[in-house]
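Here is the file data-v3.cif (mmCIF, C-alpha atoms; chains and numbers go by the auth columns).
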data_upload
loop_
_atom_site.group_PDB
_atom_site.id
_atom_site.type_symbol
_atom_site.label_atom_id
_atom_site.label_comp_id
_atom_site.label_asym_id
_atom_site.label_seq_id
_atom_site.Cartn_x
_atom_site.Cartn_y
_atom_site.Cartn_z
_atom_site.B_iso_or_equiv
_atom_site.auth_seq_id
_atom_site.auth_asym_id
ATOM 1 C CA MET A 1 -20.191 -5.165 2.321 0.00 1 A
ATOM 2 C CA LYS A 2 -17.846 -2.893 0.349 0.00 2 A
ATOM 3 C CA TYR A 3 -20.251 -0.009 0.870 0.00 3 A
ATOM 4 C CA ALA A 4 -20.266 -0.741 4.602 0.00 4 A
ATOM 5 C CA ILE A 5 -16.466 -0.584 4.697 0.00 5 A
ATOM 6 C CA ALA A 6 -16.358 2.583 2.604 0.00 6 A
ATOM 7 C CA LEU A 7 -19.036 4.198 4.766 0.00 7 A
ATOM 8 C CA THR A 8 -17.193 3.250 7.961 0.00 8 A
ATOM 9 C CA VAL A 9 -13.970 4.756 6.634 0.00 9 A
ATOM 10 C CA LEU A 10 -15.717 7.943 5.578 0.00 10 A
ATOM 11 C CA LEU A 11 -17.489 8.288 8.912 0.00 11 A
ATOM 12 C CA LEU A 12 -14.347 7.665 10.927 0.00 12 A
ATOM 13 C CA ALA A 13 -12.257 9.970 8.759 0.00 13 A
ATOM 14 C CA GLY A 14 -14.959 12.613 8.913 0.00 14 A
ATOM 15 C CA CYS A 15 -15.275 12.402 12.690 0.00 15 A
ATOM 16 C CA ALA A 16 -11.584 12.658 13.419 0.00 16 A
ATOM 17 C CA GLN A 17 -10.205 16.197 13.475 0.00 17 A
ATOM 18 C CA LEU A 18 -7.304 17.043 11.242 0.00 18 A
ATOM 19 C CA ASP A 19 -4.121 17.927 13.101 0.00 19 A
ATOM 20 C CA PRO A 20 -3.798 21.756 12.693 0.00 20 A
ATOM 21 C CA ASN A 21 -0.154 21.320 11.680 0.00 21 A
ATOM 22 C CA ALA A 22 -0.939 18.679 9.071 0.00 22 A
ATOM 23 C CA ASP A 23 -1.236 19.241 5.342 0.00 23 A
ATOM 24 C CA PRO A 24 -4.540 17.656 4.229 0.00 24 A
ATOM 25 C CA LEU A 25 -2.956 16.469 0.963 0.00 25 A
ATOM 26 C CA VAL A 26 -0.166 14.652 2.802 0.00 26 A
ATOM 27 C CA VAL A 27 -2.605 13.119 5.288 0.00 27 A
ATOM 28 C CA ARG A 28 -4.817 11.902 2.477 0.00 28 A
ATOM 29 C CA ALA A 29 -1.789 10.588 0.574 0.00 29 A
ATOM 30 C CA GLU A 30 -0.575 8.644 3.622 0.00 30 A
ATOM 31 C CA GLN A 31 -4.026 7.240 4.393 0.00 31 A
ATOM 32 C CA THR A 32 -4.349 6.167 0.767 0.00 32 A
ATOM 33 C CA GLN A 33 -0.921 4.529 0.540 0.00 33 A
ATOM 34 C CA GLN A 34 -1.542 2.587 3.762 0.00 34 A
ATOM 35 C CA ILE A 35 -4.980 1.450 2.581 0.00 35 A
ATOM 36 C CA ALA A 36 -3.533 0.589 -0.845 0.00 36 A
ATOM 37 C CA PHE A 37 -0.815 -1.594 0.683 0.00 37 A
ATOM 38 C CA ASP A 38 -3.300 -3.341 2.995 0.00 38 A
ATOM 39 C CA THR A 39 -5.669 -3.924 0.079 0.00 39 A
ATOM 40 C CA PHE A 40 -2.986 -5.217 -2.315 0.00 40 A
ATOM 41 C CA ASN A 41 -1.540 -7.443 0.384 0.00 41 A
ATOM 42 C CA THR A 42 -4.891 -8.834 1.544 0.00 42 A
ATOM 43 C CA PHE A 43 -5.908 -9.498 -2.054 0.00 43 A
ATOM 44 C CA LEU A 44 -2.658 -11.332 -2.863 0.00 44 A
ATOM 45 C CA GLN A 45 -2.713 -13.340 0.387 0.00 45 A
ATOM 46 C CA LEU A 46 -6.275 -14.524 -0.313 0.00 46 A
ATOM 47 C CA GLU A 47 -5.570 -15.259 -3.985 0.00 47 A
ATOM 48 C CA ASN A 48 -2.388 -17.112 -3.074 0.00 48 A
ATOM 49 C CA GLN A 49 -4.292 -19.490 -0.781 0.00 49 A
ATOM 50 C CA ASN A 50 -6.060 -20.937 -3.841 0.00 50 A
ATOM 51 C CA ARG A 51 -3.935 -19.646 -6.697 0.00 51 A
ATOM 52 C CA GLU A 52 -4.595 -22.609 -9.008 0.00 52 A
ATOM 53 C CA LEU A 53 -8.333 -22.462 -8.372 0.00 53 A
ATOM 54 C CA TYR A 54 -8.523 -18.757 -9.186 0.00 54 A
ATOM 55 C CA ARG A 55 -6.431 -19.245 -12.306 0.00 55 A
ATOM 56 C CA GLN A 56 -9.056 -21.709 -13.570 0.00 56 A
ATOM 57 C CA VAL A 57 -12.318 -20.406 -12.106 0.00 57 A
ATOM 58 C CA LEU A 58 -11.768 -16.625 -11.857 0.00 58 A
ATOM 59 C CA PRO A 59 -9.047 -15.836 -14.418 0.00 59 A
ATOM 60 C CA ASP A 60 -9.626 -12.077 -14.171 0.00 60 A
ATOM 61 C CA VAL A 61 -8.792 -12.212 -10.470 0.00 61 A
ATOM 62 C CA HIS A 62 -5.623 -14.189 -11.160 0.00 62 A
ATOM 63 C CA THR A 63 -4.628 -11.816 -13.980 0.00 63 A
ATOM 64 C CA VAL A 64 -4.870 -8.784 -11.671 0.00 64 A
ATOM 65 C CA ALA A 65 -2.917 -10.636 -8.965 0.00 65 A
ATOM 66 C CA GLU A 66 -0.169 -11.492 -11.442 0.00 66 A
ATOM 67 C CA TRP A 67 -0.154 -7.904 -12.711 0.00 67 A
ATOM 68 C CA LEU A 68 0.591 -6.752 -9.156 0.00 68 A
ATOM 69 C CA ARG A 69 3.272 -9.445 -8.752 0.00 69 A
ATOM 70 C CA ALA A 70 5.040 -8.903 -12.076 0.00 70 A
ATOM 71 C CA PRO A 71 8.597 -7.617 -11.647 0.00 71 A
ATOM 72 C CA VAL A 72 9.318 -4.164 -13.069 0.00 72 A
ATOM 73 C CA VAL A 73 12.617 -2.309 -13.261 0.00 73 A
ATOM 74 C CA GLN A 74 13.070 0.517 -10.752 0.00 74 A
ATOM 75 C CA ALA A 75 14.875 3.820 -11.250 0.00 75 A
ATOM 76 C CA ASP A 76 17.891 2.247 -9.530 0.00 76 A
ATOM 77 C CA GLY A 77 17.901 -0.663 -12.014 0.00 77 A
ATOM 78 C CA LYS A 78 16.644 -3.228 -9.500 0.00 78 A
ATOM 79 C CA LYS A 79 13.484 -5.251 -10.079 0.00 79 A
ATOM 80 C CA LEU A 80 10.490 -5.104 -7.760 0.00 80 A
ATOM 81 C CA GLN A 81 6.905 -6.367 -7.892 0.00 81 A
ATOM 82 C CA ARG A 82 4.692 -3.871 -9.734 0.00 82 A
ATOM 83 C CA GLY A 83 2.320 -3.360 -6.789 0.00 83 A
ATOM 84 C CA LEU A 84 5.238 -2.515 -4.498 0.00 84 A
ATOM 85 C CA SER A 85 6.890 -0.420 -7.193 0.00 85 A
ATOM 86 C CA ILE A 86 3.709 1.661 -7.536 0.00 86 A
ATOM 87 C CA LEU A 87 3.665 2.225 -3.770 0.00 87 A
ATOM 88 C CA LYS A 88 7.377 3.096 -3.607 0.00 88 A
ATOM 89 C CA SER A 89 7.085 5.536 -6.508 0.00 89 A
ATOM 90 C CA PHE A 90 4.086 7.148 -4.859 0.00 90 A
ATOM 91 C CA ASP A 91 5.985 7.450 -1.592 0.00 91 A
ATOM 92 C CA ARG A 92 8.894 9.185 -3.357 0.00 92 A
ATOM 93 C CA VAL A 93 6.482 11.751 -4.868 0.00 93 A
ATOM 94 C CA LYS A 94 4.874 12.259 -1.459 0.00 94 A
ATOM 95 C CA MET A 95 8.238 12.729 0.275 0.00 95 A
ATOM 96 C CA ALA A 96 9.338 15.207 -2.404 0.00 96 A
ATOM 97 C CA TYR A 97 6.269 17.311 -1.607 0.00 97 A
ATOM 98 C CA LYS A 98 6.477 16.762 2.134 0.00 98 A
ATOM 99 C CA TYR A 99 9.967 18.229 2.323 0.00 99 A
ATOM 100 C CA ASN A 100 9.659 20.800 -0.480 0.00 100 A
ATOM 101 C CA ARG A 101 6.070 22.060 -0.746 0.00 101 A
ATOM 102 C CA THR A 102 6.262 23.719 -4.139 0.00 102 A
ATOM 103 C CA ALA A 103 3.333 24.048 -6.533 0.00 103 A
ATOM 104 C CA ASP A 104 4.998 21.578 -8.933 0.00 104 A
ATOM 105 C CA ASN A 105 5.486 18.961 -6.242 0.00 105 A
ATOM 106 C CA LYS A 106 1.903 19.457 -5.092 0.00 106 A
ATOM 107 C CA ALA A 107 0.623 18.940 -8.645 0.00 107 A
ATOM 108 C CA ASN A 108 2.763 15.803 -8.990 0.00 108 A
ATOM 109 C CA LEU A 109 1.398 14.376 -5.739 0.00 109 A
ATOM 110 C CA THR A 110 -2.200 15.203 -6.697 0.00 110 A
ATOM 111 C CA THR A 111 -1.755 13.373 -10.012 0.00 111 A
ATOM 112 C CA ALA A 112 -0.026 10.405 -8.359 0.00 112 A
ATOM 113 C CA LEU A 113 -2.812 10.210 -5.778 0.00 113 A
ATOM 114 C CA ALA A 114 -5.481 10.032 -8.487 0.00 114 A
ATOM 115 C CA THR A 115 -3.546 7.251 -10.245 0.00 115 A
ATOM 116 C CA LEU A 116 -3.087 5.273 -7.023 0.00 116 A
ATOM 117 C CA GLU A 117 -6.780 5.631 -6.173 0.00 117 A
ATOM 118 C CA THR A 118 -7.699 4.236 -9.608 0.00 118 A
ATOM 119 C CA THR A 119 -5.472 1.195 -9.098 0.00 119 A
ATOM 120 C CA LEU A 120 -6.817 0.766 -5.581 0.00 120 A
ATOM 121 C CA THR A 121 -10.408 0.758 -6.853 0.00 121 A
ATOM 122 C CA GLU A 122 -9.579 -1.935 -9.419 0.00 122 A
ATOM 123 C CA VAL A 123 -7.934 -4.183 -6.824 0.00 123 A
ATOM 124 C CA GLN A 124 -10.794 -3.602 -4.351 0.00 124 A
ATOM 125 C CA GLN A 125 -13.223 -4.797 -7.026 0.00 125 A
ATOM 126 C CA GLN A 126 -11.189 -7.976 -7.509 0.00 126 A
ATOM 127 C CA LEU A 127 -10.960 -8.432 -3.747 0.00 127 A
ATOM 128 C CA ASN A 128 -14.731 -8.201 -3.514 0.00 128 A
ATOM 129 C CA SER A 129 -15.131 -10.836 -6.201 0.00 129 A
ATOM 130 C CA ILE A 130 -13.010 -13.400 -4.339 0.00 130 A
ATOM 131 C CA LYS A 131 -14.524 -12.810 -0.893 0.00 131 A
ATOM 132 C CA GLY A 132 -17.473 -15.037 -1.639 0.00 132 A
ATOM 133 C CA THR A 133 -15.414 -17.988 -2.886 0.00 133 A
ATOM 134 C CA PRO A 134 -13.751 -20.607 -0.689 0.00 134 A
ATOM 135 C CA MET B 1 -22.678 -30.416 -0.183 0.00 1 B
ATOM 136 C CA SER B 2 -21.718 -33.072 2.366 0.00 2 B
ATOM 137 C CA THR B 3 -20.541 -32.424 5.913 0.00 3 B
ATOM 138 C CA GLU B 4 -17.076 -33.682 4.959 0.00 4 B
ATOM 139 C CA GLU B 5 -16.859 -31.247 2.074 0.00 5 B
ATOM 140 C CA ILE B 6 -17.963 -28.391 4.323 0.00 6 B
ATOM 141 C CA ALA B 7 -15.375 -29.404 6.923 0.00 7 B
ATOM 142 C CA LYS B 8 -12.654 -29.330 4.253 0.00 8 B
ATOM 143 C CA LEU B 9 -13.627 -25.841 3.152 0.00 9 B
ATOM 144 C CA LEU B 10 -13.994 -24.447 6.652 0.00 10 B
ATOM 145 C CA PRO B 11 -10.308 -23.579 7.327 0.00 11 B
ATOM 146 C CA SER B 12 -9.928 -21.551 4.135 0.00 12 B
ATOM 147 C CA VAL B 13 -13.255 -19.797 4.693 0.00 13 B
ATOM 148 C CA MET B 14 -12.236 -18.973 8.271 0.00 14 B
ATOM 149 C CA GLN B 15 -8.876 -17.718 7.024 0.00 15 B
ATOM 150 C CA ALA B 16 -10.605 -15.499 4.476 0.00 16 B
ATOM 151 C CA VAL B 17 -12.936 -14.090 7.137 0.00 17 B
ATOM 152 C CA LEU B 18 -10.033 -13.418 9.519 0.00 18 B
ATOM 153 C CA SER B 19 -8.035 -11.735 6.743 0.00 19 B
ATOM 154 C CA LEU B 20 -11.007 -9.571 5.911 0.00 20 B
ATOM 155 C CA LEU B 21 -11.506 -8.565 9.556 0.00 21 B
ATOM 156 C CA ASP B 22 -7.807 -7.706 9.800 0.00 22 B
ATOM 157 C CA TYR B 23 -8.093 -5.649 6.619 0.00 23 B
ATOM 158 C CA ILE B 24 -11.101 -3.723 7.973 0.00 24 B
ATOM 159 C CA ALA B 25 -9.236 -3.019 11.214 0.00 25 B
ATOM 160 C CA LYS B 26 -6.241 -1.660 9.301 0.00 26 B
ATOM 161 C CA VAL B 27 -8.437 0.484 7.058 0.00 27 B
ATOM 162 C CA ARG B 28 -10.163 1.860 10.155 0.00 28 B
ATOM 163 C CA ALA B 29 -6.850 2.618 11.850 0.00 29 B
ATOM 164 C CA ALA B 30 -5.560 4.390 8.741 0.00 30 B
ATOM 165 C CA ALA B 31 -8.720 6.435 8.403 0.00 31 B
ATOM 166 C CA ILE B 32 -8.792 7.752 11.964 0.00 32 B
ATOM 167 C CA GLN B 33 -5.213 9.000 11.945 0.00 33 B
ATOM 168 C CA ASN B 34 -5.668 12.547 10.696 0.00 34 B
ATOM 169 C CA LYS B 35 -2.084 13.695 11.043 0.00 35 B
ATOM 170 C CA GLU B 36 1.084 13.285 9.019 0.00 36 B
ATOM 171 C CA TRP B 37 3.313 10.275 9.610 0.00 37 B
ATOM 172 C CA THR B 38 6.285 10.553 11.903 0.00 38 B
ATOM 173 C CA PRO B 39 9.682 9.388 10.561 0.00 39 B
ATOM 174 C CA GLU B 40 9.155 6.191 12.586 0.00 40 B
ATOM 175 C CA GLN B 41 5.802 5.525 10.905 0.00 41 B
ATOM 176 C CA GLU B 42 7.373 6.191 7.505 0.00 42 B
ATOM 177 C CA GLN B 43 10.113 3.651 8.325 0.00 43 B
ATOM 178 C CA THR B 44 7.512 1.117 9.481 0.00 44 B
ATOM 179 C CA TYR B 45 5.729 1.527 6.152 0.00 45 B
ATOM 180 C CA GLN B 46 8.992 1.084 4.205 0.00 46 B
ATOM 181 C CA ASP B 47 9.720 -2.052 6.237 0.00 47 B
ATOM 182 C CA LEU B 48 6.278 -3.419 5.310 0.00 48 B
ATOM 183 C CA LEU B 49 7.070 -2.978 1.613 0.00 49 B
ATOM 184 C CA THR B 50 10.456 -4.640 1.994 0.00 50 B
ATOM 185 C CA LYS B 51 8.946 -7.562 3.905 0.00 51 B
ATOM 186 C CA ALA B 52 6.214 -7.981 1.277 0.00 52 B
ATOM 187 C CA SER B 53 8.781 -8.186 -1.531 0.00 53 B
ATOM 188 C CA ILE B 54 9.978 -11.560 -0.211 0.00 54 B
ATOM 189 C CA ASP B 55 6.540 -12.833 0.838 0.00 55 B
ATOM 190 C CA PRO B 56 5.494 -15.956 -1.148 0.00 56 B
ATOM 191 C CA ALA B 57 2.070 -14.418 -1.861 0.00 57 B
ATOM 192 C CA TRP B 58 3.823 -11.603 -3.753 0.00 58 B
ATOM 193 C CA GLN B 59 5.872 -13.924 -5.990 0.00 59 B
ATOM 194 C CA PRO B 60 4.633 -14.322 -9.595 0.00 60 B
ATOM 195 C CA ASP B 61 3.808 -17.679 -11.151 0.00 61 B
ATOM 196 C CA GLN B 62 6.858 -19.642 -12.194 0.00 62 B
ATOM 197 C CA PRO B 63 6.966 -20.337 -15.944 0.00 63 B
ATOM 198 C CA SER B 64 6.145 -23.992 -16.576 0.00 64 B
#
I need this file expressed as structure tokens, please.
Amino acid sequence: MKYAIALTVLLLAGCAQLDPNADPLVVRAEQTQQIAFDTFNTFLQLENQNRELYRQVLPDVHTVAEWLRAPVVQADGKKLQRGLSILKSFDRVKMAYKYNRTADNKANLTTALATLETTLTEVQQQLNSIKGTP
Amino acid sequence: MSTEEIAKLLPSVMQAVLSLLDYIAKVRAAAIQNKEWTPEQEQTYQDLLTKASIDPAWQPDQPS
């Protein structure tokens, strides 16, 4: 199933033409951050429906869910769930590049994108492992 | 598994299937937009993050 989803995304993304005024890095960053939020959110909604069950039967799934939920301190001193903090930090890096397209900002966004994609892959794996359970 | 047991599981299975279909639809929509976000789309995304921060599914376990 995950390969079907990935293939569909690739086909659809490949078929659609890139806006000539768009920066491919920004487009990819925005697609990734939207997919990452949808994935994190879907995973946590499903895990939350049977949180106790997953804690006992699939502890790895629950551990990843709690890792995303754990509060972390932001740059402004406020606490936010780690999954949301990751997405907000990524968005700040993207906006920095979007409005000031320097080589440094591009490198920062490229690095942040790779990190976000790694986290996304991990959560997608956990999401796949809970899809087959009630 | 008895019919009663299956009936009990059905709502959560249906919910999982619906969530998955919704997820696929969102992934598809994100993939086909090959242009940069407008300020309105950026604000919509920020609103999603803010809304999620108070969603019960995003709250960590309470220490027992």
Interface rows for region 35-79 of chain A against region 32-46 of chain B: nearest pair, Å to one decimal, 12 Å, only C-alpha atoms, as a Markdown table:
| residue | atom | partner | partner_atom | distance |
| --- | --- | --- | --- | --- |
| A:Ile35 | CA | B:Tyr45 | CA | 11.3 |
| A:Ala36 | CA | B:Tyr45 | CA | 11.6 |
| A:Phe37 | CA | B:Tyr45 | CA | 9.1 |
| A:Asp38 | CA | B:Tyr45 | CA | 10.7 |
What would the file look like if the residues just selected were written as a PDB file, keeping the file's coordinate frame with C-alpha atoms?
ATOM      1  CA  ILE A  35      -4.980   1.450   2.581  1.00  0.00           C
ATOM      2  CA  ALA A  36      -3.533   0.589  -0.845  1.00  0.00           C
ATOM      3  CA  PHE A  37      -0.815  -1.594   0.683  1.00  0.00           C
ATOM      4  CA  ASP A  38      -3.300  -3.341   2.995  1.00  0.00           C
TER       5      ASP A  38
END
> Skipping near chain neighbours, those fewer than 5 positions away, what residues fall within 8 Å of region 119-134 of chain A using all atoms listed in the file, listed as a PyMOL selection string?
Replying inline: (chain A and resi 2+36+39-40+43+46-47+60-61+64) or (chain B and resi 9+12-13+16)
> Please, which residues are within 10 Å of (-1.5, 6.0, 2.0) by the file's coordinates, counting all atoms listed in the file, and could they come as a list in words?
Replying inline: Val26, Val27, Arg28, Ala29, Glu30, Gln31, Thr32, Gln33, Gln34, Ile35, Ala36, Phe37, Asp38, Leu87, Phe90, Asp91, Lys94, Leu113, Leu116 and Glu117 of chain A; Ala30, Ala31, Trp37 and Tyr45 of chain B
>> Would you pick out the contacts of region 61-63 of chain B at 9 Å or less, using only C-alpha atoms, so that residues sharing its chain but fewer than 4 positions from it are not included, and give the list as a PyMOL selection string?
In response: chain A and resi 66+69-70
> If you apply the PyMOL selection byres ((chain A and resi 62) around 10) to this file, what residues do you get, as a PyMOL selection string?
Replying inline: chain A and resi 44+47-48+50-61+63-68+126
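We find CA of Thr50 (chain B) and CA of Gln49 (chain A) to be spaced 21.1 Å apart.
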Carefully work through the PyMOL selection byres ((chain B and resi 58) around 8) for this structure and note down the residues it includes, as a PDB file with C-alpha atoms, in the frame of the given file.
ATOM      1  CA  ASN A  41      -1.540  -7.443   0.384  1.00  0.00           C
ATOM      2  CA  LEU A  44      -2.658 -11.332  -2.863  1.00  0.00           C
ATOM      3  CA  GLN A  45      -2.713 -13.340   0.387  1.00  0.00           C
ATOM      4  CA  LEU A  68       0.591  -6.752  -9.156  1.00  0.00           C
ATOM      5  CA  ARG A  69       3.272  -9.445  -8.752  1.00  0.00           C
ATOM      6  CA  GLN A  81       6.905  -6.367  -7.892  1.00  0.00           C
TER       7      GLN A  81
ATOM      8  CA  ALA B  52       6.214  -7.981   1.277  1.00  0.00           C
ATOM      9  CA  SER B  53       8.781  -8.186  -1.531  1.00  0.00           C
ATOM     10  CA  ILE B  54       9.978 -11.560  -0.211  1.00  0.00           C
ATOM     11  CA  ASP B  55       6.540 -12.833   0.838  1.00  0.00           C
ATOM     12  CA  PRO B  56       5.494 -15.956  -1.148  1.00  0.00           C
ATOM     13  CA  ALA B  57       2.070 -14.418  -1.861  1.00  0.00           C
ATOM     14  CA  GLN B  59       5.872 -13.924  -5.990  1.00  0.00           C
ATOM     15  CA  PRO B  60       4.633 -14.322  -9.595  1.00  0.00           C
TER      16      PRO B  60
END
> Quick one: distance from CA of Gln17 (chain A) to CA of Lys98 (chain A) in Å, one decimal?
Replying inline: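 We find that CA of Gln17 (chain A) and CA of Lys98 (chain A) lie 20.2 Å from each other.
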>> Between CA of Ala96 (chain A) and CA of Tyr23 (chain B), what is the distance in Å, rounded to a tenth?
In response: 28.6 Å
How big is the axis-aligned box, and where does its centre sit, when it encloses all atoms of region 31-46 of chain A listed in the file and has 8 Å added on every side, reported in Å to one decimal as JSON?
{"center_x": -3.5, "center_y": -3.6, "center_z": 0.8, "size_x": 21.5, "size_y": 37.8, "size_z": 23.3}
